[in-house]
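Colleague: Next comes input.cif, mmCIF, C-alpha atoms and all ligand atoms:
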data_protein
loop_
_atom_site.label_atom_id
_atom_site.label_comp_id
_atom_site.auth_asym_id
_atom_site.auth_seq_id
_atom_site.Cartn_x
_atom_site.Cartn_y
_atom_site.Cartn_z
CA TRP A 1 80.42 -135.12 -33.49
CA MET A 2 82.99 -133.81 -31.01
CA ASN A 3 83.82 -137.18 -29.48
CA SER A 4 84.30 -139.30 -32.55
CA ARG A 5 83.45 -138.05 -36.03
CA ARG A 6 85.30 -134.75 -35.84
CA GLY A 7 88.55 -136.50 -34.93
CA GLU A 8 88.13 -139.01 -37.74
CA ILE A 9 87.62 -136.28 -40.31
CA LEU A 10 90.59 -134.32 -38.99
CA LYS A 11 92.73 -137.42 -39.57
CA LEU A 12 91.37 -137.79 -43.08
CA PHE A 13 92.46 -134.23 -43.87
CA GLU A 14 95.91 -135.00 -42.51
CA GLN A 15 96.12 -138.15 -44.57
CA HIS A 16 94.68 -136.91 -47.86
CA VAL A 17 95.25 -133.17 -48.10
CA TYR A 18 97.58 -131.31 -45.73
CA GLY A 19 99.66 -133.93 -43.89
CA LYS A 20 100.10 -134.35 -40.18
CA THR A 21 101.31 -131.46 -38.05
CA PRO A 22 104.12 -132.67 -35.77
CA THR A 23 103.48 -132.28 -32.07
CA ASN A 24 107.00 -133.01 -30.87
CA LEU A 25 108.77 -129.76 -31.71
CA GLY A 26 109.19 -128.63 -28.12
CA ALA A 27 107.88 -125.51 -26.41
CA PRO A 28 108.23 -122.29 -28.41
CA LYS A 29 110.13 -119.38 -26.91
CA PHE A 30 108.80 -115.82 -27.14
CA GLU A 31 111.01 -112.74 -26.87
CA VAL A 32 109.48 -109.29 -27.08
CA THR A 33 112.15 -107.47 -29.09
CA ALA A 34 110.54 -104.01 -29.31
CA THR A 35 107.57 -102.11 -27.93
CA LYS A 36 106.27 -98.74 -29.12
CA MET A 37 103.41 -97.25 -27.13
CA ASP A 38 102.43 -94.56 -29.63
CA ALA A 39 102.30 -96.42 -32.90
CA LEU A 40 100.01 -95.18 -35.69
CA GLY A 41 99.85 -91.70 -34.20
CA GLY A 42 99.00 -92.96 -30.72
CA LEU A 43 96.20 -95.27 -31.77
CA ALA A 44 98.09 -98.43 -30.88
CA THR A 45 100.89 -100.10 -29.01
CA ARG A 46 103.07 -102.02 -31.41
CA LYS A 47 105.19 -104.96 -30.33
CA PHE A 48 107.54 -107.29 -32.12
CA ILE A 49 107.91 -110.79 -30.78
CA HIS A 50 110.53 -113.25 -31.95
CA VAL A 51 109.22 -116.82 -31.83
CA SER A 52 111.76 -119.65 -31.86
CA LEU A 53 112.03 -123.32 -31.03
CA PRO A 54 114.90 -123.84 -28.57
CA GLU A 55 114.82 -127.59 -29.15
CA ARG A 56 114.95 -127.09 -32.93
CA PRO A 57 117.58 -124.37 -33.38
CA ALA A 58 117.88 -124.99 -37.12
CA TRP A 59 114.64 -123.06 -37.58
CA GLN A 60 115.42 -119.35 -37.85
CA GLY A 61 112.18 -118.36 -36.16
CA MET A 62 109.36 -115.96 -36.90
CA ASP A 63 108.87 -112.28 -36.08
CA VAL A 64 105.33 -111.45 -35.03
CA MET A 65 104.08 -107.88 -35.30
CA LEU A 66 101.31 -107.12 -32.82
CA TYR A 67 99.19 -103.97 -32.80
CA LEU A 68 97.15 -103.46 -29.63
CA PRO A 69 94.43 -100.78 -29.60
CA ASN A 70 95.36 -98.25 -26.90
CA GLY A 71 92.66 -97.77 -24.30
CA VAL A 72 91.17 -101.25 -24.76
CA LYS A 73 91.90 -103.47 -21.75
CA ALA A 74 91.52 -106.92 -23.27
CA ALA A 75 91.14 -106.79 -27.02
CA PRO A 76 89.93 -109.61 -29.25
CA CYS A 77 92.50 -110.17 -31.99
CA PHE A 78 92.71 -110.95 -35.70
CA VAL A 79 95.58 -113.35 -36.43
CA GLY A 80 96.92 -113.80 -39.96
CA LEU A 81 100.03 -114.28 -42.05
CA SER A 82 101.18 -111.94 -44.81
CA PHE A 83 102.66 -112.48 -48.26
CA GLY A 84 105.08 -109.58 -48.06
CA GLY A 85 106.35 -109.31 -44.49
CA ASN A 86 105.52 -107.01 -41.57
CA HIS A 87 107.01 -103.99 -43.35
CA ALA A 88 104.57 -104.57 -46.24
CA VAL A 89 101.54 -104.84 -43.93
CA SER A 90 102.35 -101.61 -42.08
CA VAL A 91 103.15 -98.22 -43.55
CA GLU A 92 105.19 -97.27 -40.48
CA LYS A 93 108.77 -96.52 -41.50
CA ASP A 94 110.37 -98.02 -38.41
CA VAL A 95 109.08 -101.54 -39.05
CA PRO A 96 112.17 -103.61 -39.87
CA LEU A 97 112.43 -104.65 -43.51
CA SER A 98 112.24 -108.42 -43.86
CA THR A 99 115.53 -109.97 -44.94
CA ARG A 100 113.99 -113.31 -45.84
CA TRP A 101 113.28 -114.89 -49.22
CA MET A 102 110.44 -113.16 -51.06
CA ARG A 103 108.51 -114.06 -54.17
CA GLU A 104 109.51 -111.94 -57.19
CA SER A 105 106.79 -109.47 -58.13
CA LYS A 106 105.84 -107.74 -61.38
CA ASP A 107 106.72 -104.33 -59.95
CA LYS A 108 110.39 -105.44 -59.60
CA HIS A 109 110.57 -104.23 -56.02
CA ILE A 110 111.83 -107.63 -54.93
CA VAL A 111 115.42 -108.00 -56.12
CA ASN A 112 117.15 -111.38 -55.98
CA HIS A 113 114.26 -112.55 -53.84
CA LYS A 114 114.93 -109.85 -51.23
CA ALA A 115 112.56 -107.06 -50.27
CA THR A 116 113.62 -103.47 -50.98
CA GLU A 117 112.47 -100.25 -49.28
CA ALA A 118 110.01 -99.81 -52.15
CA THR A 119 107.94 -102.69 -50.76
CA ARG A 120 107.07 -100.82 -47.56
CA GLY A 121 103.32 -100.73 -47.14
CA SER A 122 102.82 -102.72 -50.35
CA GLU A 123 100.30 -105.00 -48.64
CA SER A 124 98.72 -102.31 -46.48
CA SER A 125 95.51 -102.09 -48.50
CA ARG A 126 94.86 -105.68 -47.44
CA TRP A 127 95.44 -104.79 -43.78
CA PRO A 128 93.44 -101.64 -42.94
CA LEU A 129 95.09 -101.49 -39.52
CA GLU A 130 93.64 -98.18 -38.37
CA LYS A 131 90.07 -99.22 -39.11
CA ILE A 132 90.51 -102.57 -37.37
CA LEU A 133 92.15 -101.00 -34.32
CA LYS A 134 89.51 -98.25 -34.10
CA ALA A 135 86.89 -101.02 -34.02
CA GLY A 136 88.58 -102.28 -30.83
CA PHE A 137 90.46 -105.26 -32.26
CA ALA A 138 94.14 -106.11 -32.05
CA VAL A 139 96.05 -107.47 -35.05
CA ALA A 140 98.81 -110.09 -34.85
CA THR A 141 100.65 -110.94 -38.04
CA ALA A 142 103.85 -112.52 -39.31
CA TYR A 143 105.48 -113.18 -42.67
CA TYR A 144 104.63 -116.63 -44.01
CA GLY A 145 108.15 -116.92 -45.43
CA ASP A 146 109.57 -116.83 -41.89
CA ILE A 147 107.98 -120.24 -41.49
CA GLU A 148 108.71 -121.52 -44.95
CA PRO A 149 109.58 -119.79 -48.23
CA ASP A 150 106.82 -120.35 -50.77
CA HIS A 151 108.46 -122.27 -53.58
CA ALA A 152 108.90 -125.92 -54.46
CA ASP A 153 112.25 -126.19 -52.64
CA GLY A 154 111.26 -123.87 -49.80
CA TRP A 155 110.98 -126.77 -47.40
CA LYS A 156 114.75 -127.16 -47.56
CA GLU A 157 115.21 -123.74 -45.94
CA GLY A 158 112.12 -123.60 -43.78
CA LEU A 159 110.59 -125.12 -40.71
CA ARG A 160 109.87 -128.50 -42.28
CA ALA A 161 113.52 -129.27 -42.99
CA ALA A 162 114.64 -127.73 -39.71
CA VAL A 163 112.50 -130.09 -37.69
CA SER A 164 112.84 -133.24 -39.77
CA ARG A 165 115.11 -135.94 -38.47
CA ALA A 166 117.09 -136.21 -41.66
CA GLY A 167 117.01 -132.49 -42.45
CA VAL A 168 116.31 -133.51 -46.05
CA ASN A 169 113.72 -135.40 -48.06
CA THR A 170 110.94 -134.55 -45.71
CA THR A 171 108.43 -133.35 -48.22
CA TRP A 172 107.25 -136.18 -50.30
CA ARG A 173 106.96 -138.95 -47.78
CA GLY A 174 103.36 -140.03 -47.38
CA GLY A 175 101.56 -138.34 -44.53
CA GLU A 176 104.12 -135.63 -43.95
CA TRP A 177 102.97 -132.05 -43.86
CA GLY A 178 103.04 -129.59 -46.69
CA ALA A 179 103.77 -125.87 -46.57
CA ILE A 180 100.14 -125.05 -45.72
CA GLY A 181 100.52 -127.30 -42.67
CA ALA A 182 103.70 -125.49 -41.66
CA TRP A 183 102.12 -122.05 -42.10
CA ALA A 184 99.08 -123.15 -40.09
CA TRP A 185 101.43 -124.33 -37.35
CA GLY A 186 102.86 -120.79 -37.30
CA LEU A 187 99.38 -119.33 -36.75
CA SER A 188 98.96 -121.57 -33.72
CA ARG A 189 102.28 -120.38 -32.29
CA ILE A 190 101.02 -116.80 -32.58
CA ALA A 191 97.94 -117.96 -30.63
CA ASP A 192 100.31 -119.45 -28.02
CA PHE A 193 101.98 -116.09 -27.54
CA LEU A 194 98.67 -114.26 -27.35
CA GLN A 195 97.69 -116.41 -24.36
CA THR A 196 100.52 -114.70 -22.47
CA GLU A 197 99.70 -111.12 -23.53
CA SER A 198 97.67 -109.33 -20.88
CA GLN A 199 96.21 -106.73 -23.25
CA ILE A 200 94.67 -109.50 -25.38
CA ASP A 201 91.46 -111.36 -24.75
CA ALA A 202 92.97 -114.70 -25.79
CA ARG A 203 89.63 -116.47 -25.68
CA HIS A 204 88.57 -114.33 -28.58
CA LEU A 205 90.86 -114.83 -31.57
CA ALA A 206 89.85 -114.74 -35.23
CA VAL A 207 92.17 -116.43 -37.72
CA ILE A 208 92.16 -114.88 -41.17
CA GLY A 209 93.89 -115.48 -44.48
CA HIS A 210 93.68 -114.69 -48.17
CA SER A 211 94.04 -117.14 -51.03
CA ARG A 212 96.75 -119.73 -50.24
CA LEU A 213 96.81 -118.19 -46.78
CA GLY A 214 93.01 -118.58 -46.69
CA LYS A 215 93.52 -122.31 -47.22
CA THR A 216 95.98 -122.00 -44.35
CA SER A 217 93.55 -120.22 -42.02
CA LEU A 218 90.91 -122.89 -42.64
CA TRP A 219 93.39 -125.63 -41.80
CA ALA A 220 94.63 -123.75 -38.72
CA GLY A 221 91.05 -123.16 -37.59
CA ALA A 222 90.18 -126.81 -38.15
CA GLN A 223 93.02 -127.99 -35.93
CA ASP A 224 93.20 -125.30 -33.27
CA GLU A 225 90.00 -124.64 -31.34
CA ARG A 226 91.46 -121.51 -29.77
CA PHE A 227 90.52 -119.73 -33.00
CA GLY A 228 86.97 -118.72 -32.10
CA VAL A 229 86.25 -117.32 -35.56
CA VAL A 230 87.74 -118.64 -38.82
CA ILE A 231 87.87 -116.48 -41.96
CA SER A 232 88.71 -117.63 -45.47
CA ASN A 233 89.10 -114.86 -48.05
CA ASN A 234 89.07 -116.10 -51.66
CA SER A 235 90.74 -119.38 -50.61
CA GLY A 236 89.64 -121.43 -53.63
CA GLU A 237 90.94 -124.88 -54.50
CA GLY A 238 92.59 -126.66 -51.58
CA GLY A 239 90.63 -124.21 -49.37
CA ALA A 240 86.90 -123.58 -49.28
CA ALA A 241 86.14 -124.64 -52.88
CA LEU A 242 84.68 -128.13 -53.31
CA MET A 243 87.14 -130.50 -54.99
CA ARG A 244 84.37 -132.40 -56.74
CA ARG A 245 83.41 -129.37 -58.82
CA ASP A 246 85.89 -129.12 -61.64
CA PHE A 247 85.61 -125.38 -62.08
CA GLY A 248 88.43 -122.86 -62.21
CA GLU A 249 91.50 -124.28 -60.52
CA THR A 250 91.33 -128.06 -60.11
CA THR A 251 93.09 -130.59 -57.92
CA ALA A 252 95.11 -131.62 -60.99
CA ILE A 253 96.30 -128.06 -61.63
CA ILE A 254 97.05 -127.08 -58.05
CA THR A 255 99.01 -130.21 -57.23
CA LYS A 256 101.07 -129.77 -60.39
CA VAL A 257 101.85 -126.07 -59.87
CA PHE A 258 102.06 -126.04 -56.06
CA PRO A 259 102.92 -129.59 -54.97
CA HIS A 260 104.79 -128.26 -51.93
CA TRP A 261 101.62 -126.89 -50.32
CA PHE A 262 100.12 -130.31 -49.63
CA THR A 263 100.92 -133.79 -48.45
CA SER A 264 101.93 -136.09 -51.30
CA GLN A 265 98.71 -138.10 -51.23
CA TYR A 266 96.64 -135.14 -52.40
CA ALA A 267 98.17 -135.30 -55.90
CA ASN A 268 96.67 -138.77 -56.31
CA TYR A 269 93.26 -137.11 -56.62
CA ALA A 270 94.25 -135.16 -59.73
CA GLY A 271 91.38 -135.78 -62.14
CA ARG A 272 89.70 -138.12 -59.67
CA ALA A 273 88.43 -136.01 -56.82
CA ALA A 274 85.54 -138.45 -56.33
CA ALA A 275 88.07 -141.02 -55.06
CA CYS A 276 88.96 -138.74 -52.13
CA PRO A 277 87.00 -139.72 -49.00
CA ILE A 278 86.50 -136.08 -48.00
CA ASP A 279 85.62 -132.77 -49.55
CA MET A 280 85.99 -129.20 -48.39
CA HIS A 281 82.60 -128.74 -46.72
CA MET A 282 84.03 -131.14 -44.14
CA LEU A 283 87.03 -128.87 -43.59
CA ILE A 284 84.66 -126.04 -42.73
CA ALA A 285 82.62 -128.36 -40.53
CA LEU A 286 85.74 -129.11 -38.47
CA ALA A 287 85.49 -125.59 -37.08
CA ALA A 288 81.84 -125.99 -36.06
CA PRO A 289 80.25 -124.74 -33.91
CA ARG A 290 82.77 -121.91 -34.11
CA PRO A 291 81.65 -119.34 -36.70
CA VAL A 292 83.33 -119.58 -40.12
CA TYR A 293 83.20 -116.80 -42.71
CA VAL A 294 83.82 -117.61 -46.38
CA ALA A 295 84.24 -114.80 -48.88
CA SER A 296 84.45 -114.90 -52.67
CA ALA A 297 84.88 -112.30 -55.41
CA VAL A 298 82.99 -112.14 -58.71
CA GLU A 299 86.10 -111.75 -60.83
CA ASP A 300 87.87 -114.54 -58.95
CA GLN A 301 86.32 -117.38 -60.94
CA TRP A 302 89.62 -119.26 -60.61
CA ALA A 303 88.70 -119.83 -56.96
CA ASP A 304 85.20 -121.08 -57.93
CA PRO A 305 82.89 -118.84 -55.85
CA ARG A 306 79.98 -121.26 -56.19
CA GLY A 307 82.18 -124.13 -54.96
CA GLU A 308 83.29 -121.97 -52.01
CA TYR A 309 79.68 -121.18 -51.19
CA LEU A 310 78.51 -124.79 -51.48
CA SER A 311 81.13 -125.92 -48.96
CA LEU A 312 79.75 -123.50 -46.45
CA TRP A 313 76.18 -124.49 -47.30
CA HIS A 314 76.87 -128.20 -46.81
CA ALA A 315 78.76 -127.58 -43.56
CA GLY A 316 75.41 -126.27 -42.30
CA SER A 317 74.28 -129.77 -41.32
CA VAL A 318 77.03 -129.90 -38.69
CA TYR A 319 76.15 -126.44 -37.36
CA ARG A 320 72.60 -127.72 -36.97
CA LEU A 321 73.87 -130.50 -34.67
CA PHE A 322 74.80 -127.68 -32.29
CA GLY A 323 71.53 -125.83 -32.74
CA ARG A 324 73.32 -123.24 -34.88
CA VAL A 325 72.23 -121.79 -38.17
CA GLY A 326 74.23 -122.18 -41.38
CA MET A 327 73.50 -120.52 -44.70
CA PRO A 328 69.77 -120.07 -45.30
CA SER A 329 69.67 -121.29 -48.92
CA GLU A 330 71.55 -123.41 -51.42
CA GLN A 331 71.30 -120.38 -53.71
CA MET A 332 74.15 -117.93 -53.37
CA PRO A 333 73.29 -114.46 -52.11
CA GLY A 334 73.53 -111.63 -54.62
CA VAL A 335 76.74 -109.75 -55.31
CA ASP A 336 77.69 -107.41 -52.44
CA MET A 337 74.85 -108.78 -50.29
CA PRO A 338 76.55 -110.39 -47.27
CA VAL A 339 74.66 -112.96 -45.22
CA GLN A 340 75.61 -113.47 -41.59
CA THR A 341 74.06 -116.15 -39.41
CA ASP A 342 76.22 -118.36 -37.20
CA VAL A 343 78.38 -118.49 -40.33
CA GLY A 344 79.02 -115.75 -42.87
CA TYR A 345 79.36 -115.39 -46.62
CA HIS A 346 79.65 -112.72 -49.25
CA ILE A 347 80.56 -112.49 -52.87
CA ARG A 348 82.06 -109.09 -53.50
CA SER A 349 82.29 -107.31 -56.83
CA GLY A 350 85.85 -107.04 -58.07
CA LYS A 351 88.89 -109.24 -58.22
CA HIS A 352 90.95 -111.69 -56.16
CA ASP A 353 92.08 -109.50 -53.25
CA VAL A 354 91.30 -108.38 -49.70
CA THR A 355 89.54 -105.02 -49.61
CA ASP A 356 88.06 -102.63 -47.06
CA TYR A 357 84.67 -104.04 -48.02
CA ASP A 358 85.80 -107.54 -46.99
CA TRP A 359 87.17 -106.22 -43.69
CA GLN A 360 83.95 -104.33 -42.94
CA GLN A 361 82.10 -107.65 -43.02
CA TYR A 362 84.77 -109.45 -40.97
CA VAL A 363 84.79 -106.78 -38.28
CA LYS A 364 81.00 -106.91 -38.08
CA PHE A 365 81.09 -110.72 -37.88
CA ALA A 366 83.82 -110.73 -35.24
CA ASP A 367 82.01 -108.01 -33.29
CA ARG A 368 78.97 -110.19 -33.14
CA HIS A 369 80.69 -113.48 -32.33
CA LEU A 370 83.73 -112.44 -30.33
CA LYS A 371 82.67 -109.37 -28.40
CA ALA A 372 79.17 -110.35 -27.36
CA HIS A 373 80.19 -113.18 -25.02
C1 LIG A 401 97.08 -118.95 -57.35
C2 LIG A 401 96.63 -120.34 -56.94
C3 LIG A 401 95.48 -120.25 -56.00
C4 LIG A 401 95.67 -119.20 -54.93
C5 LIG A 401 96.48 -118.00 -55.39
C6 LIG A 401 97.10 -117.15 -54.28
O1 LIG A 401 98.10 -118.97 -58.26
O2 LIG A 401 96.28 -121.01 -58.12
O3 LIG A 401 95.22 -121.52 -55.46
O4 LIG A 401 96.23 -119.74 -53.79
O5 LIG A 401 97.52 -118.34 -56.18
O6 LIG A 401 97.51 -117.65 -53.22
O7 LIG A 401 97.23 -115.96 -54.52
#
Rewrite the structure of this file - the entire thing - as structure tokens.

Modeller:
Amino acid sequence: WMNSRRGEILKLFEQHVYGKTPTNLGAPKFEVTATKMDALGGLATRKFIHVSLPERPAWQGMDVMLYLPNGVKAAPCFVGLSFGGNHAVSVEKDVPLSTRWMRESKDKHIVNHKATEATRGSESSRWPLEKILKAGFAVATAYYGDIEPDHADGWKEGLRAAVSRAGVNTTWRGGEWGAIGAWAWGLSRIADFLQTESQIDARHLAVIGHSRLGKTSLWAGAQDERFGVVISNNSGEGGAALMRRDFGETTAIITKVFPHWFTSQYANYAGRAAACPIDMHMLIALAAPRPVYVASAVEDQWADPRGEYLSLWHAGSVYRLFGRVGMPSEQMPGVDMPVQTDVGYHIRSGKHDVTDYDWQQYVKFADRHLKAH
């Protein structure tokens, strides 16, 4: 598996779904721009790190926010991107407001695609920082829009254009990476920085993401073996959900509405998923034997909970090659009844979101798989 098949499948995902991640972008540069030892009332040390590519100066770079639990010598770390920026993840007033392009929101707190003060903490319910830090974990996060703004033309302003030879027309050429590929690349650069941070146990990183960023964490975890635990929260189509089940969002719908997320080839499977040589259980299997956690929500039928579960179930045959245990049954566990073996799954009551309940399971899973050894 490790010597031949895994590499073949990785290539198939590059070719058919996400595109190939360039490896010639040069070494990233990391500058710690601020450190606060008594963040969150003394619970944590908070750092900001600006990540840039000196050989590719057209990319404006990414600002990582890192919370380290005070009193923990070498902390395992959750790594994930946000939808709203660092100032939306944290409620702390001195976190700089992102000045980058933001998606408009119903609450009208994004004006002309720019964040306003009213968006501070708007994503904090999805990032229960204090609970995670109190459990002894660090958190490293960055805004996905720093890597590439999430709209059809975002590639023109983001990393993909900045690193392309022509600077234009990079997106739709066969084999080239989509936005998910670019975001996943960003997660790996955060992992690069964490290798240099003495308060982090860099052998113990968990990559996490919700929804489109859950697709991203699966792809990052598939490519980058430094992520010792891989977590997909409600990732749905193009993530954990099997393509061959036409339920909820389909390949046809996602490639029409979000063509920029994928490599161009993926759209050729609209309405003909069976023609694609791979399906999403193989994406999960790329992480094996590293533990993967897939989570669904009852009211998130758009993401096809059963399709998400079946991917994890079918990946079990690869875990078995390593003497590991996948899901115990093809039947899904009951609502709010998490199952944790060498992989994890739950279907939570409620809607498409990341909640404290989800994090409770992830912390337990990471405790077991990252802290024990
Ligand atoms: C939906 C999309 C899903 C999921 C979600 C999200 O509109 O259809 O695939 O990614 O967005 O990211 O919130």

Colleague: With a distance cut-off of 12 Å and all atoms listed in the file, select the neighbouring residues of A:Asp356, excluding the residue or stretch itself and same-chain residues fewer than 6 positions from it, and output the selection as a PyMOL selection string.

Modeller: chain A and resi 124-132+348+362-363

Colleague: Could you name the residues that touch A:Ala135 at 12 Å or less, counting all atoms listed in the file, but leaving out those on the same chain fewer than 2 positions away, as a VMD selection string?

Modeller: chain A and resid 43 to 44 68 to 72 75 to 78 128 to 133 137 to 139 359 to 360 362 to 367 371

Colleague: Around ligand LIG 401 (chain A), which protein and nucleic acid residues have at least one atom no more than 9 Å from it, if we count all atoms listed in the file? List them as a list in words.

Modeller: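 After applying the 9 Å limit, what remains is Phe83, His210, Ser211, Arg212, Leu213, Gly214, Lys215, Asn234, Ser235, Gly236, Glu237, Gly238, Gly239, Glu249, Thr250, Ile253, Ile254, Val257, Phe258, Trp302, Ala303, His352 and Asp353 of chain A.
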
Colleague: Contacts of stretch 1-6 of chain A at 10 Å or less, counting all atoms listed in the file, minus same-chain residues fewer than 6 places along, as a count of residues only?

Modeller: 12

Colleague: Smallest atom-to-atom distance to A:Asp153: which of A:His260, A:Arg290, A:His109, A:Arg368, using only C-alpha atoms?

Modeller: A:His260

Colleague: Record the distance separating atom CA of A:Gly326 and atom CA of A:Gly19, expressed in Å with one decimal.

Modeller: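 Interatomic distance here is 28.1 Å.
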
Colleague: Using only C-alpha atoms, determine which residues lie at most 9 Å from A:Ala39, disregarding the query and same-chain residues fewer than 6 positions distant; provide the list as a PyMOL selection string.

Modeller: chain A and resi 45-46+67+92

Colleague: Env of A:Glu14: 9 Å cut, atoms = all atoms listed in the file, seq-sep filter 3 positions within chain, self excluded. Answer as a PyMOL selection string.

Modeller: chain A and resi 9-11+17-21+175-177+181+263

Colleague: Identify which of the residues A:Gly209, A:Asp150, A:Arg160, A:Leu194 lies closest to A:Gly221, counting all atoms listed in the file when measuring atom-to-atom distances.

Modeller: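 Result for the nearest residue to A:Gly221: A:Gly209.
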
Colleague: At what distance in Å, to one decimal, does atom CA of A:Ser90 lie from atom CA of A:Ala206?

Modeller: 19.4 Å

Colleague: To one decimal place in Å, what is the distance between atom CA of A:Val207 and atom CA of A:Val229?

Modeller: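 The value is 6.4 Å.
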
Colleague: Of the residues A:Trp183, A:Tyr309, A:Phe247, A:Phe193, which is the one nearest to A:Ala220, using only C-alpha atoms?

Modeller: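 Of all the options, A:Trp183 lies closest to A:Ala220.
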
Colleague: Find the smallest box with edges along x, y and z containing every listed atom of stretch 348-361 of chain A, then add 8 Å on each side and report centre and edge lengths in Å to one decimal, as JSON.

Modeller:
{"center_x": 87.1, "center_y": -107.2, "center_z": -50.6, "size_x": 26.0, "size_y": 25.1, "size_z": 31.3}

Colleague: Of the residues A:Lys108, A:Arg244, A:Arg203, A:Arg56, which is the one nearest to A:Phe227, using only C-alpha atoms?

Modeller: A:Arg203

Colleague: Measuring atom to atom with all atoms listed in the file, identify which of A:Val230, A:Val343, A:Ala184, A:Ile190 is nearest to A:Ile208.

Modeller: A:Val230

Colleague: For a quick check of understanding, using all atoms listed in the file, which of A:Ala270, A:Ile147, A:Ile180, A:Ile231 has the smallest distance to A:His346?

Modeller: A:Ile231
